[in-house]
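*Asks:* See final-v9.cif below, with mmCIF, C-alpha atoms (C1' of nucleotides).
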data_final
#
loop_
_atom_site.label_atom_id
_atom_site.label_comp_id
_atom_site.auth_asym_id
_atom_site.auth_seq_id
_atom_site.Cartn_x
_atom_site.Cartn_y
_atom_site.Cartn_z
CA MET A 1 38.99 -11.57 -4.14
CA PRO A 2 36.87 -11.59 -7.31
CA ALA A 3 38.16 -13.60 -10.23
CA ILE A 4 39.84 -11.93 -13.18
CA ASP A 5 36.77 -12.62 -15.31
CA GLN A 6 34.58 -10.73 -12.87
CA HIS A 7 36.88 -7.74 -12.93
CA LEU A 8 36.94 -7.73 -16.72
CA ALA A 9 33.15 -7.94 -16.85
CA ASP A 10 32.57 -5.16 -14.32
CA PRO A 11 31.56 -2.02 -16.23
CA LEU A 12 32.21 0.16 -13.18
CA LEU A 13 35.92 -0.66 -13.44
CA TRP A 14 36.32 0.29 -17.10
CA PRO A 15 34.79 3.67 -17.82
CA ALA A 16 35.17 5.06 -21.30
CA ASP A 17 35.92 8.64 -20.36
CA PRO A 18 38.97 10.01 -18.53
CA GLU A 19 37.03 11.81 -15.82
CA ALA A 20 35.29 8.65 -14.70
CA ALA A 21 38.58 6.76 -14.95
CA ARG A 22 40.23 9.19 -12.54
CA ALA A 23 37.33 8.69 -10.15
CA VAL A 24 37.88 4.92 -10.29
CA GLN A 25 41.53 5.44 -9.41
CA GLU A 26 40.64 7.65 -6.47
CA ARG A 27 38.13 5.09 -5.28
CA LEU A 28 40.58 2.18 -5.47
CA ALA A 29 43.70 3.99 -4.25
CA GLY A 30 42.70 3.48 -0.62
CA ARG A 31 43.09 -0.26 -1.03
CA VAL A 32 46.83 -0.13 -1.68
CA ARG A 33 48.87 -1.79 1.05
CA VAL A 34 52.58 -1.31 1.56
CA ALA A 35 54.37 -4.11 3.39
CA PRO A 36 57.70 -5.91 3.30
CA LEU A 37 57.84 -8.88 0.94
CA ASP A 38 59.93 -11.86 2.01
CA LEU A 39 62.05 -12.43 -1.08
CA ASP A 40 63.07 -15.89 0.10
CA SER A 41 59.49 -16.92 -0.51
CA VAL A 42 59.45 -15.56 -4.05
CA SER A 43 60.07 -18.16 -6.71
CA LEU A 44 57.71 -17.19 -9.53
CA VAL A 45 57.76 -13.68 -10.98
CA ALA A 46 55.44 -12.46 -13.71
CA GLY A 47 56.60 -9.77 -16.14
CA LEU A 48 54.02 -7.77 -18.09
CA ASP A 49 54.20 -5.55 -21.12
CA VAL A 50 52.10 -4.32 -24.04
CA THR A 51 53.27 -3.41 -27.54
CA TYR A 52 51.19 -1.28 -29.88
CA ALA A 53 51.01 -1.30 -33.64
CA PRO A 54 51.64 2.05 -35.33
CA GLY A 55 48.56 4.22 -35.32
CA ASP A 56 47.04 2.11 -32.53
CA ALA A 57 46.09 -0.49 -35.12
CA GLY A 58 46.12 -3.32 -32.61
CA LEU A 59 48.12 -4.37 -29.59
CA VAL A 60 49.77 -7.42 -28.10
CA ALA A 61 49.79 -7.95 -24.34
CA ALA A 62 52.36 -10.38 -23.00
CA VAL A 63 52.93 -12.10 -19.68
CA VAL A 64 56.05 -14.12 -19.00
CA LEU A 65 56.52 -16.17 -15.85
CA LEU A 66 60.11 -16.61 -14.66
CA GLU A 67 61.45 -18.75 -11.87
CA LEU A 68 64.01 -17.56 -9.36
CA PRO A 69 66.90 -17.73 -8.98
CA SER A 70 67.52 -19.17 -12.45
CA LEU A 71 65.45 -16.51 -14.23
CA ARG A 72 64.31 -19.18 -16.64
CA VAL A 73 61.00 -18.78 -18.42
CA VAL A 74 58.41 -21.28 -17.26
CA GLU A 75 55.32 -19.85 -18.97
CA SER A 76 54.54 -17.19 -21.55
CA HIS A 77 51.25 -16.01 -23.01
CA THR A 78 50.10 -13.30 -25.38
CA VAL A 79 46.77 -11.70 -26.19
CA THR A 80 46.07 -9.64 -29.29
CA ALA A 81 43.39 -6.97 -29.17
CA GLU A 82 42.36 -3.51 -30.29
CA PRO A 83 43.17 -0.61 -27.95
CA ALA A 84 39.95 0.22 -26.09
CA PHE A 85 41.18 3.34 -24.29
CA PRO A 86 43.43 6.14 -25.57
CA TYR A 87 46.88 6.87 -24.25
CA VAL A 88 46.40 9.42 -21.48
CA PRO A 89 49.30 9.98 -19.08
CA GLY A 90 48.09 8.90 -15.67
CA LEU A 91 45.44 6.57 -17.05
CA PHE A 92 47.63 3.82 -18.33
CA ALA A 93 45.87 1.01 -16.58
CA PHE A 94 42.64 1.60 -18.44
CA ARG A 95 44.50 1.03 -21.68
CA GLU A 96 46.77 -1.81 -20.68
CA LEU A 97 45.09 -3.75 -17.88
CA PRO A 98 42.20 -5.34 -19.81
CA PRO A 99 44.43 -7.18 -22.31
CA LEU A 100 47.00 -7.90 -19.59
CA LEU A 101 44.35 -9.45 -17.36
CA ARG A 102 43.21 -11.63 -20.22
CA ALA A 103 46.79 -12.82 -20.66
CA LEU A 104 47.17 -13.43 -16.92
CA ARG A 105 44.02 -15.54 -16.95
CA ARG A 106 45.93 -18.10 -18.99
CA LEU A 107 48.65 -18.68 -16.41
CA GLU A 108 48.67 -22.17 -14.95
CA ALA A 109 50.85 -21.25 -11.98
CA GLU A 110 50.20 -18.29 -9.70
CA PRO A 111 53.00 -15.69 -9.61
CA ASP A 112 54.40 -14.66 -6.23
CA VAL A 113 54.82 -11.12 -7.51
CA TYR A 114 53.90 -9.11 -10.60
CA VAL A 115 56.40 -6.73 -12.24
CA CYS A 116 54.80 -4.02 -14.36
CA ASP A 117 56.30 -1.76 -17.01
CA GLY A 118 55.31 1.59 -15.52
CA TYR A 119 54.58 3.09 -12.13
CA GLY A 120 52.87 2.17 -8.92
CA LEU A 121 52.56 4.83 -6.24
CA ALA A 122 54.69 7.22 -8.31
CA HIS A 123 51.55 8.52 -9.93
CA PRO A 124 49.51 11.74 -9.70
CA ARG A 125 46.81 9.98 -7.68
CA ARG A 126 49.21 7.42 -6.21
CA PHE A 127 47.55 4.71 -8.24
CA GLY A 128 49.61 3.71 -11.25
CA LEU A 129 49.34 0.53 -13.26
CA ALA A 130 51.19 -1.60 -10.70
CA CYS A 131 48.86 -0.49 -7.90
CA HIS A 132 45.85 -1.09 -10.07
CA LEU A 133 46.88 -4.62 -10.97
CA GLY A 134 47.98 -5.43 -7.45
CA VAL A 135 44.75 -4.21 -5.90
CA LEU A 136 42.49 -6.01 -8.38
CA LEU A 137 44.33 -9.29 -7.82
CA ASP A 138 45.21 -8.49 -4.20
CA ARG A 139 48.67 -9.81 -4.91
CA PRO A 140 52.18 -8.31 -4.58
CA ALA A 141 52.99 -6.00 -7.48
CA LEU A 142 55.57 -3.34 -8.29
CA GLY A 143 56.33 -0.94 -11.11
CA VAL A 144 59.55 -0.37 -13.01
CA ALA A 145 59.63 2.58 -15.39
CA LYS A 146 62.29 3.79 -17.79
CA SER A 147 61.64 7.49 -17.26
CA ALA A 148 60.29 9.82 -14.63
CA PHE A 149 56.67 10.85 -14.63
CA VAL A 150 55.89 12.67 -11.42
CA GLY A 151 58.26 13.93 -8.78
CA GLU A 152 61.95 14.66 -8.77
CA ALA A 153 64.49 11.85 -8.82
CA GLU A 154 67.73 12.04 -6.93
CA PRO A 155 70.44 10.62 -9.24
CA PRO A 156 71.98 7.44 -7.82
CA ALA A 157 75.74 6.96 -7.53
CA PRO A 158 77.24 5.32 -10.65
CA ALA A 159 77.61 1.86 -9.15
CA ARG A 160 74.99 -0.83 -9.73
CA GLY A 161 72.78 -1.12 -6.67
CA SER A 162 72.89 2.58 -5.85
CA ALA A 163 69.56 4.29 -5.39
CA GLY A 164 68.10 7.75 -4.93
CA ASP A 165 64.76 8.95 -3.70
CA LEU A 166 61.96 9.83 -6.09
CA ARG A 167 60.10 12.60 -4.28
CA ASP A 168 56.91 14.47 -4.92
CA GLY A 169 56.85 17.38 -2.56
CA GLY A 170 58.18 15.97 0.69
CA GLU A 171 56.82 12.53 0.01
CA VAL A 172 58.98 9.63 -1.16
CA ILE A 173 56.96 7.89 -3.86
CA GLY A 174 59.62 5.70 -5.41
CA ARG A 175 63.31 5.23 -6.06
CA SER A 176 65.70 5.73 -8.92
CA LEU A 177 67.74 2.54 -9.02
CA ARG A 178 70.97 1.81 -10.86
CA THR A 179 70.77 -1.70 -12.26
CA ARG A 180 74.00 -1.42 -14.27
CA ASP A 181 77.24 0.45 -13.59
CA GLY A 182 77.19 3.86 -15.21
CA VAL A 183 73.92 3.23 -17.06
CA LYS A 184 70.78 5.36 -16.74
CA PRO A 185 68.72 4.24 -13.72
CA VAL A 186 65.23 2.77 -13.70
CA TYR A 187 62.41 4.10 -11.52
CA VAL A 188 60.91 1.67 -9.04
CA SER A 189 57.72 2.19 -7.12
CA VAL A 190 55.45 0.12 -4.92
CA GLY A 191 52.36 -1.38 -6.47
CA HIS A 192 50.75 -3.42 -3.71
CA ARG A 193 51.82 -5.65 -0.82
CA VAL A 194 55.51 -4.80 -1.16
CA ASP A 195 57.66 -1.99 0.20
CA LEU A 196 60.36 0.02 -1.54
CA ASP A 197 63.23 -1.92 -0.01
CA SER A 198 61.94 -5.31 -1.06
CA ALA A 199 60.88 -3.96 -4.45
CA CYS A 200 64.35 -2.58 -5.18
CA GLU A 201 66.09 -5.68 -3.89
CA LEU A 202 63.91 -7.84 -6.12
CA VAL A 203 64.51 -5.60 -9.14
CA LEU A 204 68.25 -5.98 -8.63
CA ARG A 205 67.95 -9.75 -8.48
CA LEU A 206 65.90 -9.62 -11.67
CA SER A 207 68.48 -7.45 -13.47
CA PRO A 208 71.80 -9.31 -13.25
CA ARG A 209 72.89 -8.28 -16.75
CA TYR A 210 70.66 -5.68 -18.36
CA ARG A 211 69.22 -2.37 -17.28
CA ILE A 212 65.65 -3.65 -17.56
CA PRO A 213 64.59 -6.51 -15.27
CA GLU A 214 64.38 -9.85 -17.09
CA PRO A 215 60.63 -10.39 -16.65
CA ILE A 216 59.84 -7.06 -18.33
CA ARG A 217 62.51 -7.58 -20.98
CA ALA A 218 61.10 -10.99 -21.78
CA ALA A 219 57.53 -9.71 -21.97
CA ASP A 220 58.63 -6.78 -24.12
CA GLN A 221 60.48 -9.01 -26.56
CA LEU A 222 57.64 -11.50 -26.68
CA SER A 223 54.97 -8.87 -27.35
CA ARG A 224 57.10 -7.23 -30.05
CA ALA A 225 57.81 -10.54 -31.74
CA ARG A 226 54.15 -11.52 -31.61
CA LEU A 227 53.10 -8.21 -33.10
CA ALA A 228 55.67 -8.48 -35.88
CA ALA A 229 54.58 -12.04 -36.61
CA SER A 230 50.97 -10.95 -36.93
CA GLY A 231 52.08 -8.43 -39.49
CA GLY A 232 52.21 -4.95 -38.31
"C1'" DG B 1 47.52 29.98 -20.38
"C1'" DC B 2 51.91 27.12 -20.96
"C1'" DG B 3 54.74 23.04 -20.83
"C1'" DA B 4 55.41 18.44 -19.20
"C1'" DC B 5 53.47 14.04 -19.39
"C1'" DA B 6 54.55 5.93 -17.33
"C1'" DG B 7 53.60 3.31 -22.55
"C1'" DA C 1 55.01 3.47 -28.00
"C1'" DT C 2 56.31 3.67 -33.39
"C1'" DC C 3 59.60 5.05 -37.78
"C1'" DT C 4 65.32 1.78 -37.51
"C1'" DT C 5 71.33 -1.00 -38.75
"C1'" DG C 6 75.43 -0.89 -37.77
"C1'" DT C 7 78.81 0.65 -34.89
"C1'" DC C 8 81.52 2.07 -31.01
"C1'" DG C 9 82.88 1.03 -26.27
"C1'" DC C 10 83.07 -1.44 -21.80
#
Could you write out this file's structure as structure tokens?

*Replies:*
Amino acid sequence: MPAIDQHLADPLLWPADPEAARAVQERLAGRVRVAPLDLDSVSLVAGLDVTYAPGDAGLVAAVVLLELPSLRVVESHTVTAEPAFPYVPGLFAFRELPPLLRALRRLEAEPDVYVCDGYGLAHPRRFGLACHLGVLLDRPALGVAKSAFVGEAEPPAPARGSAGDLRDGGEVIGRSLRTRDGVKPVYVSVGHRVDLDSACELVLRLSPRYRIPEPIRAADQLSRARLAASGG
DNA sequence: GCGACAG
DNA sequence: ATCTTGTCGC
């Protein structure tokens, strides 16, 4: 597995135009692996998020490392940068991964799994941000999104823990998962080296109190705070 | 062509 | 995503 620095320096991975970016996704999508993840062996979880300044005048990428089962923060890092790729639905990774990878490079401990704010296989080319990160690092990764993007989501029962299929055509590409009683579900999909069951089980363990899993919440709050502190 | 469209 | 505080309800 190439180091993060090699990925960041590889021009073939970071095309400037959307057409070439889609081709990169199609090329890398074949590397995604779906497999059960033994949650008993998971003790360090990384949460990732990016916050943008109005008008795309800068961004802050944040990574927070939490330990299980306490959910306490053991590391947190931020990177400030200028957006280098526009927001194009379906091409998120080309906008968010470069600064996120630079933040991940600073981690002292290696996460057992990466939790991304967005989708994995629930993507037009089955290669969302969580797949992209997971494949580049060849590490377990999953995506948790706050809204649907592709496919049709079956509404879960009202109780926390209930889930419904997220389908595109006949294919199950993710799950709508209720993390709080009576509260709008989140949308979970596989990134790499996990399966839907282990991904959903982990998301529930990471969301004992709030709708959004703690690692993503923590990264979101950190990136917002860092952006506000840098003025704008 | 039109609308919808992770953050 | 961002522009945005308090308030109501569980």

*Asks:* Nearest to chain C among A:Val144, A:Ala84, A:Leu59, A:Ala103, with distances taken over only C-alpha atoms (C1' of nucleotides): which residue is it?

*Replies:*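 Among the listed residues, the smallest separation from chain C belongs to A:Leu59.
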
*Asks:* Selected by the PyMOL selection byres ((chain B) within 8 of (chain A)) in the shown coordinates: which residues, as a list in words?

*Replies:*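 This file gives the following for the PyMOL selection byres ((chain B) within 8 of (chain A)): DC5, DA6 and DG7 of chain B.
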
*Asks:* Would you please work out which residue, of A:Gly164, A:Pro18, A:Asp181, A:Arg224, is nearest to DT2 of chain C when using all atoms listed in the file?

*Replies:*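 Smallest separation from DT2 of chain C among the options: A:Arg224.
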
*Asks:* Return as a PyMOL selection string the residues belonging to chain C that are within 12 Å of chain A, counting all atoms listed in the file.

*Replies:* chain C and resi 1-3+10

*Asks:* One decimal, in Å: what's the spacing between atom CA of Asp5 of chain A and atom CA of Leu227 of chain A?

*Replies:* 24.5 Å

*Asks:* Expand the PyMOL selection byres ((chain A and resi 12) around 12) into the explicit residue set it covers here, and present it as a list in words.

*Replies:*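 Residues picked by the PyMOL selection byres ((chain A and resi 12) around 12): Gln6, His7, Leu8, Ala9, Asp10, Pro11, Leu13, Trp14, Pro15, Ala16, Asp17, Ala20, Ala21, Ala23, Val24, Gln25, Arg27, Leu28 and Phe94 of chain A.
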
*Asks:* Quick check, in Å to one decimal: how far apart do atom CA of Arg33 of chain A and atom CA of Val194 of chain A lie?

*Replies:*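 Here the two named atoms are 7.6 Å from each other.
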
*Asks:* Applied to the shown file, which residues does the PyMOL selection byres ((chain A and resi 111) around 6) return, written as a list in words?

*Replies:*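 Checking the PyMOL selection byres ((chain A and resi 111) around 6) against this file, the residues are Leu44, Val45, Ala46, Glu110, Asp112 and Val113 of chain A.
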
*Asks:* Which of these residues is nearest to Asp220 of chain A, using all atoms listed in the file: A:Ser70, A:Ser207, A:Thr179, A:Ser76?

*Replies:*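 Closest to Asp220 of chain A of all the choices is A:Ser76.
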
*Asks:* Could you work out how far atom CA of Ala61 of chain A lies from atom CA of Gly231 of chain A, giving the answer in Å with one decimal?

*Replies:*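 Going from atom CA of Gly231 of chain A over to atom CA of Ala61 of chain A, I get 15.3 Å.
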
*Asks:* Missing atoms in segment 205-216 of chain A: fill them in up to all heavy atoms and send the result as a tab-separated table (two decimals), in the coordinates of the input.

*Replies:*
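The result, written out as part.tsv:
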chain	number	residue	atom	x	y	z
A	205	ARG	N	67.79	-8.32	-8.22
A	205	ARG	CA	67.95	-9.75	-8.48
A	205	ARG	C	67.45	-10.11	-9.87
A	205	ARG	O	67.90	-11.10	-10.46
A	205	ARG	CB	67.18	-10.57	-7.44
A	205	ARG	CG	67.77	-10.50	-6.06
A	205	ARG	CD	67.09	-11.48	-5.12
A	205	ARG	NE	67.39	-11.16	-3.73
A	205	ARG	CZ	67.02	-11.91	-2.70
A	205	ARG	NH1	66.34	-13.02	-2.90
A	205	ARG	NH2	67.33	-11.55	-1.47
A	206	LEU	N	66.49	-9.33	-10.36
A	206	LEU	CA	65.90	-9.62	-11.67
A	206	LEU	C	66.69	-8.96	-12.80
A	206	LEU	O	66.36	-9.15	-13.97
A	206	LEU	CB	64.44	-9.14	-11.72
A	206	LEU	CG	63.48	-9.82	-10.75
A	206	LEU	CD1	62.11	-9.13	-10.77
A	206	LEU	CD2	63.35	-11.31	-11.09
A	207	SER	N	67.71	-8.18	-12.45
A	207	SER	CA	68.48	-7.45	-13.47
A	207	SER	C	69.97	-7.73	-13.33
A	207	SER	O	70.75	-6.82	-13.15
A	207	SER	CB	68.24	-5.95	-13.36
A	207	SER	OG	66.90	-5.65	-13.08
A	208	PRO	N	70.38	-9.00	-13.45
A	208	PRO	CA	71.80	-9.31	-13.25
A	208	PRO	C	72.67	-8.83	-14.40
A	208	PRO	O	73.87	-8.67	-14.25
A	208	PRO	CB	71.82	-10.84	-13.18
A	208	PRO	CG	70.64	-11.26	-13.98
A	208	PRO	CD	69.60	-10.18	-13.78
A	209	ARG	N	72.09	-8.56	-15.57
A	209	ARG	CA	72.89	-8.28	-16.75
A	209	ARG	C	72.45	-7.03	-17.51
A	209	ARG	O	73.28	-6.30	-18.03
A	209	ARG	CB	72.83	-9.49	-17.68
A	209	ARG	CG	73.58	-9.26	-18.95
A	209	ARG	CD	73.78	-10.53	-19.73
A	209	ARG	NE	74.49	-10.22	-20.97
A	209	ARG	CZ	74.83	-11.11	-21.88
A	209	ARG	NH1	74.52	-12.37	-21.68
A	209	ARG	NH2	75.46	-10.76	-22.97
A	210	TYR	N	71.17	-6.80	-17.58
A	210	TYR	CA	70.66	-5.68	-18.36
A	210	TYR	C	70.00	-4.65	-17.46
A	210	TYR	O	69.62	-4.94	-16.32
A	210	TYR	CB	69.66	-6.15	-19.42
A	210	TYR	CG	70.25	-7.12	-20.40
A	210	TYR	CD1	69.96	-8.48	-20.32
A	210	TYR	CD2	71.12	-6.68	-21.40
A	210	TYR	CE1	70.50	-9.38	-21.22
A	210	TYR	CE2	71.67	-7.57	-22.31
A	210	TYR	CZ	71.36	-8.93	-22.21
A	210	TYR	OH	71.90	-9.82	-23.09
A	211	ARG	N	69.85	-3.45	-18.03
A	211	ARG	CA	69.22	-2.37	-17.28
A	211	ARG	C	67.79	-2.73	-16.88
A	211	ARG	O	67.36	-2.44	-15.77
A	211	ARG	CB	69.22	-1.10	-18.14
A	211	ARG	CG	68.47	0.07	-17.51
A	211	ARG	CD	68.41	1.26	-18.45
A	211	ARG	NE	67.63	2.34	-17.87
A	211	ARG	CZ	66.60	2.93	-18.45
A	211	ARG	NH1	66.23	2.55	-19.66
A	211	ARG	NH2	65.94	3.89	-17.85
A	212	ILE	N	67.06	-3.32	-17.80
A	212	ILE	CA	65.65	-3.65	-17.56
A	212	ILE	C	65.55	-5.05	-16.96
A	212	ILE	O	66.17	-5.99	-17.46
A	212	ILE	CB	64.88	-3.59	-18.90
A	212	ILE	CG1	65.03	-2.19	-19.54
A	212	ILE	CG2	63.41	-3.91	-18.68
A	212	ILE	CD1	64.53	-1.04	-18.70
A	213	PRO	N	64.76	-5.20	-15.90
A	213	PRO	CA	64.59	-6.51	-15.27
A	213	PRO	C	64.12	-7.57	-16.28
A	213	PRO	O	63.30	-7.29	-17.15
A	213	PRO	CB	63.52	-6.27	-14.21
A	213	PRO	CG	63.58	-4.82	-13.92
A	213	PRO	CD	64.02	-4.15	-15.20
A	214	GLU	N	64.65	-8.77	-16.13
A	214	GLU	CA	64.38	-9.85	-17.09
A	214	GLU	C	62.90	-10.10	-17.35
A	214	GLU	O	62.52	-10.32	-18.51
A	214	GLU	CB	65.05	-11.14	-16.62
A	214	GLU	CG	66.56	-11.14	-16.81
A	214	GLU	CD	66.98	-11.00	-18.27
A	214	GLU	OE1	66.24	-11.49	-19.16
A	214	GLU	OE2	68.02	-10.40	-18.53
A	215	PRO	N	62.04	-10.10	-16.34
A	215	PRO	CA	60.63	-10.39	-16.65
A	215	PRO	C	60.02	-9.36	-17.61
A	215	PRO	O	59.26	-9.74	-18.53
A	215	PRO	CB	59.95	-10.32	-15.28
A	215	PRO	CG	61.05	-10.64	-14.30
A	215	PRO	CD	62.27	-10.00	-14.89
A	216	ILE	N	60.37	-8.08	-17.43
A	216	ILE	CA	59.84	-7.06	-18.33
A	216	ILE	C	60.51	-7.15	-19.70
A	216	ILE	O	59.86	-7.01	-20.73
A	216	ILE	CB	60.05	-5.65	-17.72
A	216	ILE	CG1	59.19	-5.50	-16.48
A	216	ILE	CG2	59.72	-4.57	-18.73
A	216	ILE	CD1	59.32	-4.15	-15.82
